[in-house]
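Enquirer: One structure coming up, written as structure tokens, with questions to follow.
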Amino acid sequence: MSVKALRSTFGPNCHWCGLPMDFDEPHGRPESATIEHLLDATMGGVRQQKHRRLAHAVCNHTRNELRMRAEREFEGWLAARRDSAGKP
């Protein structure tokens, strides 16, 4: 599904922040529209059209960075928990 098709289905606002996106902004710029995969394959999801929305590049990138940081923190917490229990 293309940016154009998603825009006609869901409108011109970012799925995450709700603010309008700049569809004339070059790809990769903070306010440009990107396709957001709500259930990303790297997180166990399946890439299906029903899981796609439009989001600002900055919102999309920040969400992914925060999710990855949370995963790393959780892995660290698990390791500490195992260490305190004396398990590998």
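If you're wondering about the labels, chains in the structure tokens are A, B, ... by order shown, residues count from 1 in each chain, ligands from 1 in order shown.
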To test your reading of the structure, identify every residue in chain A that backbone DSSP assigns to alpha helix (DSSP H), and report it as number ranges by chain.
Expert: A: 3-10, 57-85
Enquirer: Just the selected residues (N, CA, C and O atoms), exported as a short mmCIF file (atom, residue, chain, number, x, y, z; two decimals), in the first residue's frame, please.
Expert:
```
data_model
loop_
_atom_site.label_atom_id
_atom_site.label_comp_id
_atom_site.auth_asym_id
_atom_site.auth_seq_id
_atom_site.Cartn_x
_atom_site.Cartn_y
_atom_site.Cartn_z
N VAL A 3 1.91 5.48 0.04
CA VAL A 3 1.60 6.66 0.84
C VAL A 3 0.29 7.28 0.35
O VAL A 3 -0.57 7.64 1.14
N LYS A 4 0.15 7.36 -0.96
CA LYS A 4 -1.06 7.97 -1.55
C LYS A 4 -2.32 7.18 -1.14
O LYS A 4 -3.32 7.77 -0.75
N ALA A 5 -2.25 5.86 -1.21
CA ALA A 5 -3.40 5.03 -0.84
C ALA A 5 -3.70 5.15 0.65
O ALA A 5 -4.87 5.25 1.05
N LEU A 6 -2.66 5.16 1.48
CA LEU A 6 -2.88 5.30 2.92
C LEU A 6 -3.47 6.67 3.25
O LEU A 6 -4.33 6.79 4.13
N ARG A 7 -3.02 7.69 2.54
CA ARG A 7 -3.55 9.03 2.77
C ARG A 7 -5.03 9.08 2.42
O ARG A 7 -5.83 9.68 3.15
N SER A 8 -5.42 8.45 1.32
CA SER A 8 -6.83 8.48 0.94
C SER A 8 -7.68 7.65 1.92
O SER A 8 -8.86 7.95 2.12
N THR A 9 -7.09 6.66 2.55
CA THR A 9 -7.83 5.82 3.50
C THR A 9 -7.89 6.45 4.89
O THR A 9 -8.95 6.47 5.52
N PHE A 10 -6.75 6.96 5.38
CA PHE A 10 -6.66 7.42 6.78
C PHE A 10 -6.54 8.93 6.95
O PHE A 10 -6.59 9.42 8.07
N ALA A 57 8.12 11.09 9.69
CA ALA A 57 9.38 10.37 9.79
C ALA A 57 9.93 10.44 11.21
O ALA A 57 10.40 9.43 11.76
N VAL A 58 9.84 11.61 11.84
CA VAL A 58 10.37 11.77 13.19
C VAL A 58 9.57 10.95 14.21
O VAL A 58 10.14 10.38 15.14
N CYS A 59 8.26 10.87 14.06
CA CYS A 59 7.44 10.07 14.98
C CYS A 59 7.73 8.59 14.80
O CYS A 59 7.87 7.85 15.77
N ASN A 60 7.84 8.16 13.55
CA ASN A 60 8.14 6.77 13.23
C ASN A 60 9.50 6.39 13.81
O ASN A 60 9.64 5.38 14.50
N HIS A 61 10.50 7.20 13.56
CA HIS A 61 11.86 6.92 14.02
C HIS A 61 11.93 6.91 15.56
O HIS A 61 12.52 6.01 16.15
N THR A 62 11.32 7.90 16.18
CA THR A 62 11.36 8.00 17.64
C THR A 62 10.66 6.82 18.29
O THR A 62 11.16 6.23 19.26
N ARG A 63 9.52 6.43 17.75
CA ARG A 63 8.81 5.26 18.29
C ARG A 63 9.69 4.02 18.22
O ARG A 63 9.81 3.28 19.19
N ASN A 64 10.33 3.81 17.09
CA ASN A 64 11.19 2.64 16.93
C ASN A 64 12.39 2.69 17.87
O ASN A 64 12.77 1.67 18.46
N GLU A 65 12.99 3.87 18.02
CA GLU A 65 14.13 4.01 18.93
C GLU A 65 13.72 3.71 20.37
O GLU A 65 14.42 3.02 21.10
N LEU A 66 12.57 4.23 20.79
CA LEU A 66 12.10 4.00 22.16
C LEU A 66 11.75 2.54 22.39
O LEU A 66 12.01 2.00 23.48
N ARG A 67 11.17 1.90 21.40
CA ARG A 67 10.85 0.48 21.53
C ARG A 67 12.11 -0.35 21.66
O ARG A 67 12.18 -1.26 22.48
N MET A 68 13.12 -0.04 20.85
CA MET A 68 14.38 -0.78 20.92
C MET A 68 15.06 -0.54 22.27
O MET A 68 15.61 -1.47 22.87
N ARG A 69 15.03 0.70 22.76
CA ARG A 69 15.63 1.01 24.06
C ARG A 69 14.92 0.25 25.17
O ARG A 69 15.55 -0.30 26.07
N ALA A 70 13.60 0.19 25.10
CA ALA A 70 12.83 -0.54 26.11
C ALA A 70 13.17 -2.03 26.07
O ALA A 70 13.31 -2.67 27.13
N GLU A 71 13.34 -2.58 24.88
CA GLU A 71 13.73 -4.00 24.76
C GLU A 71 15.10 -4.25 25.39
O GLU A 71 15.29 -5.23 26.10
N ARG A 72 16.06 -3.35 25.12
CA ARG A 72 17.40 -3.50 25.71
C ARG A 72 17.34 -3.39 27.23
O ARG A 72 18.01 -4.15 27.94
N GLU A 73 16.56 -2.44 27.73
CA GLU A 73 16.44 -2.28 29.18
C GLU A 73 15.81 -3.52 29.80
O GLU A 73 16.23 -3.97 30.87
N PHE A 74 14.81 -4.08 29.15
CA PHE A 74 14.16 -5.28 29.67
C PHE A 74 15.14 -6.45 29.67
O PHE A 74 15.19 -7.23 30.64
N GLU A 75 15.91 -6.60 28.61
CA GLU A 75 16.91 -7.67 28.56
C GLU A 75 17.92 -7.51 29.69
O GLU A 75 18.33 -8.50 30.31
N GLY A 76 18.34 -6.27 29.97
CA GLY A 76 19.24 -6.01 31.08
C GLY A 76 18.61 -6.35 32.42
O GLY A 76 19.26 -6.93 33.31
N TRP A 77 17.35 -6.02 32.58
CA TRP A 77 16.63 -6.34 33.80
C TRP A 77 16.55 -7.85 33.99
O TRP A 77 16.76 -8.37 35.10
N LEU A 78 16.25 -8.58 32.90
CA LEU A 78 16.19 -10.04 32.99
C LEU A 78 17.54 -10.63 33.39
O LEU A 78 17.61 -11.54 34.22
N ALA A 79 18.61 -10.11 32.79
CA ALA A 79 19.95 -10.61 33.13
C ALA A 79 20.26 -10.37 34.61
O ALA A 79 20.79 -11.25 35.29
N ALA A 80 19.91 -9.18 35.11
CA ALA A 80 20.14 -8.87 36.52
C ALA A 80 19.31 -9.78 37.42
O ALA A 80 19.78 -10.25 38.46
N ARG A 81 18.11 -10.04 37.00
CA ARG A 81 17.22 -10.93 37.78
C ARG A 81 17.82 -12.32 37.84
O ARG A 81 17.84 -12.95 38.90
N ARG A 82 18.30 -12.82 36.71
CA ARG A 82 18.92 -14.15 36.68
C ARG A 82 20.18 -14.19 37.53
O ARG A 82 20.42 -15.15 38.26
N ASP A 83 20.99 -13.14 37.42
CA ASP A 83 22.23 -13.05 38.21
C ASP A 83 21.92 -13.09 39.70
O ASP A 83 22.62 -13.76 40.48
N SER A 84 20.90 -12.36 40.13
CA SER A 84 20.58 -12.31 41.55
C SER A 84 20.05 -13.64 42.06
O SER A 84 20.14 -13.95 43.24
N ALA A 85 19.50 -14.43 41.14
CA ALA A 85 18.99 -15.75 41.51
C ALA A 85 20.06 -16.83 41.34
O ALA A 85 19.82 -17.99 41.63
#
```
Enquirer: Which residues are close to Arg29 (chain A), i.e. within 9 Å by only C-alpha atoms, leaving aside same-chain residues fewer than 2 positions away? Reply as a PDB file with all heavy atoms, in the first residue's frame.
Expert:
```pdb
ATOM      1  N   GLU A  25       7.361  17.397   1.469  1.00  0.00           N
ATOM      2  CA  GLU A  25       8.674  17.310   2.112  1.00  0.00           C
ATOM      3  C   GLU A  25       9.427  16.106   1.543  1.00  0.00           C
ATOM      4  O   GLU A  25       8.848  15.035   1.384  1.00  0.00           O
ATOM      5  CB  GLU A  25       8.476  17.147   3.623  1.00  0.00           C
ATOM      6  CG  GLU A  25       9.717  17.204   4.438  1.00  0.00           C
ATOM      7  CD  GLU A  25      10.212  18.616   4.697  1.00  0.00           C
ATOM      8  OE1 GLU A  25       9.448  19.570   4.528  1.00  0.00           O
ATOM      9  OE2 GLU A  25      11.379  18.734   5.056  1.00  0.00           O
ATOM     10  N   PRO A  26      10.713  16.266   1.234  1.00  0.00           N
ATOM     11  CA  PRO A  26      11.482  15.128   0.710  1.00  0.00           C
ATOM     12  C   PRO A  26      11.513  13.960   1.700  1.00  0.00           C
ATOM     13  O   PRO A  26      11.505  14.169   2.917  1.00  0.00           O
ATOM     14  CB  PRO A  26      12.885  15.701   0.516  1.00  0.00           C
ATOM     15  CG  PRO A  26      12.707  17.179   0.450  1.00  0.00           C
ATOM     16  CD  PRO A  26      11.503  17.486   1.303  1.00  0.00           C
ATOM     17  N   HIS A  27      11.554  12.761   1.173  1.00  0.00           N
ATOM     18  CA  HIS A  27      11.598  11.548   1.989  1.00  0.00           C
ATOM     19  C   HIS A  27      12.760  11.608   2.982  1.00  0.00           C
ATOM     20  O   HIS A  27      13.862  12.019   2.638  1.00  0.00           O
ATOM     21  CB  HIS A  27      11.748  10.312   1.091  1.00  0.00           C
ATOM     22  CG  HIS A  27      11.841   9.043   1.858  1.00  0.00           C
ATOM     23  ND1 HIS A  27      10.765   8.503   2.515  1.00  0.00           N
ATOM     24  CD2 HIS A  27      12.889   8.229   2.096  1.00  0.00           C
ATOM     25  CE1 HIS A  27      11.147   7.396   3.118  1.00  0.00           C
ATOM     26  NE2 HIS A  27      12.432   7.201   2.877  1.00  0.00           N
ATOM     27  N   GLU A  31       9.369  15.977   8.965  1.00  0.00           N
ATOM     28  CA  GLU A  31       7.922  16.145   8.804  1.00  0.00           C
ATOM     29  C   GLU A  31       7.344  15.387   7.611  1.00  0.00           C
ATOM     30  O   GLU A  31       6.144  15.447   7.348  1.00  0.00           O
ATOM     31  CB  GLU A  31       7.580  17.633   8.692  1.00  0.00           C
ATOM     32  CG  GLU A  31       8.003  18.449   9.911  1.00  0.00           C
ATOM     33  CD  GLU A  31       7.424  17.930  11.216  1.00  0.00           C
ATOM     34  OE1 GLU A  31       6.220  17.644  11.271  1.00  0.00           O
ATOM     35  OE2 GLU A  31       8.192  17.814  12.194  1.00  0.00           O
ATOM     36  N   SER A  32       8.193  14.655   6.886  1.00  0.00           N
ATOM     37  CA  SER A  32       7.704  13.914   5.722  1.00  0.00           C
ATOM     38  C   SER A  32       6.866  12.717   6.168  1.00  0.00           C
ATOM     39  O   SER A  32       6.990  12.223   7.286  1.00  0.00           O
ATOM     40  CB  SER A  32       8.866  13.449   4.853  1.00  0.00           C
ATOM     41  OG  SER A  32       9.668  12.504   5.534  1.00  0.00           O
ATOM     42  N   ALA A  33       6.002  12.267   5.277  1.00  0.00           N
ATOM     43  CA  ALA A  33       5.139  11.121   5.560  1.00  0.00           C
ATOM     44  C   ALA A  33       5.906   9.827   5.306  1.00  0.00           C
ATOM     45  O   ALA A  33       6.581   9.679   4.287  1.00  0.00           O
ATOM     46  CB  ALA A  33       3.901  11.170   4.671  1.00  0.00           C
ATOM     47  N   HIS A  56       4.697  10.808  10.633  1.00  0.00           N
ATOM     48  CA  HIS A  56       5.864  11.650  10.357  1.00  0.00           C
ATOM     49  C   HIS A  56       7.112  10.782  10.475  1.00  0.00           C
ATOM     50  O   HIS A  56       7.166   9.871  11.304  1.00  0.00           O
ATOM     51  CB  HIS A  56       5.992  12.759  11.412  1.00  0.00           C
ATOM     52  CG  HIS A  56       4.963  13.817  11.317  1.00  0.00           C
ATOM     53  ND1 HIS A  56       3.988  13.965  12.265  1.00  0.00           N
ATOM     54  CD2 HIS A  56       4.770  14.790  10.393  1.00  0.00           C
ATOM     55  CE1 HIS A  56       3.225  14.992  11.936  1.00  0.00           C
ATOM     56  NE2 HIS A  56       3.673  15.512  10.806  1.00  0.00           N
ATOM     57  N   ALA A  57       8.118  11.088   9.695  1.00  0.00           N
ATOM     58  CA  ALA A  57       9.380  10.366   9.791  1.00  0.00           C
ATOM     59  C   ALA A  57       9.925  10.437  11.212  1.00  0.00           C
ATOM     60  O   ALA A  57      10.400   9.435  11.764  1.00  0.00           O
ATOM     61  CB  ALA A  57      10.392  10.917   8.791  1.00  0.00           C
ATOM     62  N   VAL A  58       9.841  11.611  11.839  1.00  0.00           N
ATOM     63  CA  VAL A  58      10.371  11.773  13.194  1.00  0.00           C
ATOM     64  C   VAL A  58       9.567  10.954  14.210  1.00  0.00           C
ATOM     65  O   VAL A  58      10.144  10.375  15.138  1.00  0.00           O
ATOM     66  CB  VAL A  58      10.463  13.263  13.596  1.00  0.00           C
ATOM     67  CG1 VAL A  58       9.091  13.896  13.770  1.00  0.00           C
ATOM     68  CG2 VAL A  58      11.310  13.435  14.839  1.00  0.00           C
TER      69      VAL A  58
END
```
Enquirer: Name all residues at most 6 Å from Cys14 (chain A) (count only C-alpha atoms; drop same-chain ones fewer than 4 positions away) and give them as a ChimeraX atom specification.
Expert: /A:18-19,54-56
Enquirer: Would you mind listing what lies within 7 Å of His37 (chain A) as JSON, numbers by chain, with only C-alpha atoms counted and same-chain residues fewer than 4 positions away left out?
Expert: {"A": [51, 52, 53]}
Enquirer: In Å, rounded to a single decimal, give me how far CA of Cys17 (chain A) is from CA of Pro30 (chain A).
Expert: 12.9 Å
Enquirer: Using the chain letters and numbers from this document, which residues of chain A does DSSP assign to strand (DSSP E), as a PDB file with N, CA, C and O atoms, in the first residue's frame?
Expert:
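Result file is selection_13.pdb:
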```pdb
ATOM      1  N   ALA A  33       6.002  12.267   5.277  1.00  0.00           N
ATOM      2  CA  ALA A  33       5.139  11.121   5.560  1.00  0.00           C
ATOM      3  C   ALA A  33       5.906   9.827   5.306  1.00  0.00           C
ATOM      4  O   ALA A  33       6.581   9.679   4.287  1.00  0.00           O
ATOM      5  N   THR A  34       5.810   8.906   6.256  1.00  0.00           N
ATOM      6  CA  THR A  34       6.404   7.580   6.094  1.00  0.00           C
ATOM      7  C   THR A  34       5.329   6.541   6.366  1.00  0.00           C
ATOM      8  O   THR A  34       4.331   6.820   7.030  1.00  0.00           O
ATOM      9  N   ILE A  35       5.559   5.354   5.889  1.00  0.00           N
ATOM     10  CA  ILE A  35       4.646   4.251   6.171  1.00  0.00           C
ATOM     11  C   ILE A  35       5.097   3.594   7.467  1.00  0.00           C
ATOM     12  O   ILE A  35       6.219   3.127   7.584  1.00  0.00           O
ATOM     13  N   GLU A  36       4.221   3.607   8.444  1.00  0.00           N
ATOM     14  CA  GLU A  36       4.487   3.010   9.750  1.00  0.00           C
ATOM     15  C   GLU A  36       3.901   1.608   9.774  1.00  0.00           C
ATOM     16  O   GLU A  36       2.747   1.405   9.388  1.00  0.00           O
ATOM     17  N   HIS A  37       4.695   0.656  10.192  1.00  0.00           N
ATOM     18  CA  HIS A  37       4.223  -0.726  10.348  1.00  0.00           C
ATOM     19  C   HIS A  37       3.871  -0.910  11.823  1.00  0.00           C
ATOM     20  O   HIS A  37       4.760  -0.978  12.668  1.00  0.00           O
ATOM     21  N   ARG A  52      -0.628  -1.071   8.418  1.00  0.00           N
ATOM     22  CA  ARG A  52       0.145   0.084   7.949  1.00  0.00           C
ATOM     23  C   ARG A  52      -0.649   1.369   8.133  1.00  0.00           C
ATOM     24  O   ARG A  52      -1.841   1.421   7.897  1.00  0.00           O
ATOM     25  N   ARG A  53       0.070   2.408   8.568  1.00  0.00           N
ATOM     26  CA  ARG A  53      -0.491   3.742   8.716  1.00  0.00           C
ATOM     27  C   ARG A  53       0.557   4.744   8.279  1.00  0.00           C
ATOM     28  O   ARG A  53       1.711   4.396   8.058  1.00  0.00           O
ATOM     29  N   LEU A  54       0.167   6.006   8.190  1.00  0.00           N
ATOM     30  CA  LEU A  54       1.124   7.065   7.874  1.00  0.00           C
ATOM     31  C   LEU A  54       1.557   7.752   9.158  1.00  0.00           C
ATOM     32  O   LEU A  54       0.758   7.964  10.069  1.00  0.00           O
ATOM     33  N   ALA A  55       2.837   8.078   9.213  1.00  0.00           N
ATOM     34  CA  ALA A  55       3.376   8.793  10.369  1.00  0.00           C
ATOM     35  C   ALA A  55       4.493   9.707   9.899  1.00  0.00           C
ATOM     36  O   ALA A  55       5.156   9.425   8.896  1.00  0.00           O
ATOM     37  N   HIS A  56       4.697  10.808  10.633  1.00  0.00           N
ATOM     38  CA  HIS A  56       5.864  11.650  10.357  1.00  0.00           C
ATOM     39  C   HIS A  56       7.112  10.782  10.475  1.00  0.00           C
ATOM     40  O   HIS A  56       7.166   9.871  11.304  1.00  0.00           O
TER      41      HIS A  56
END
```
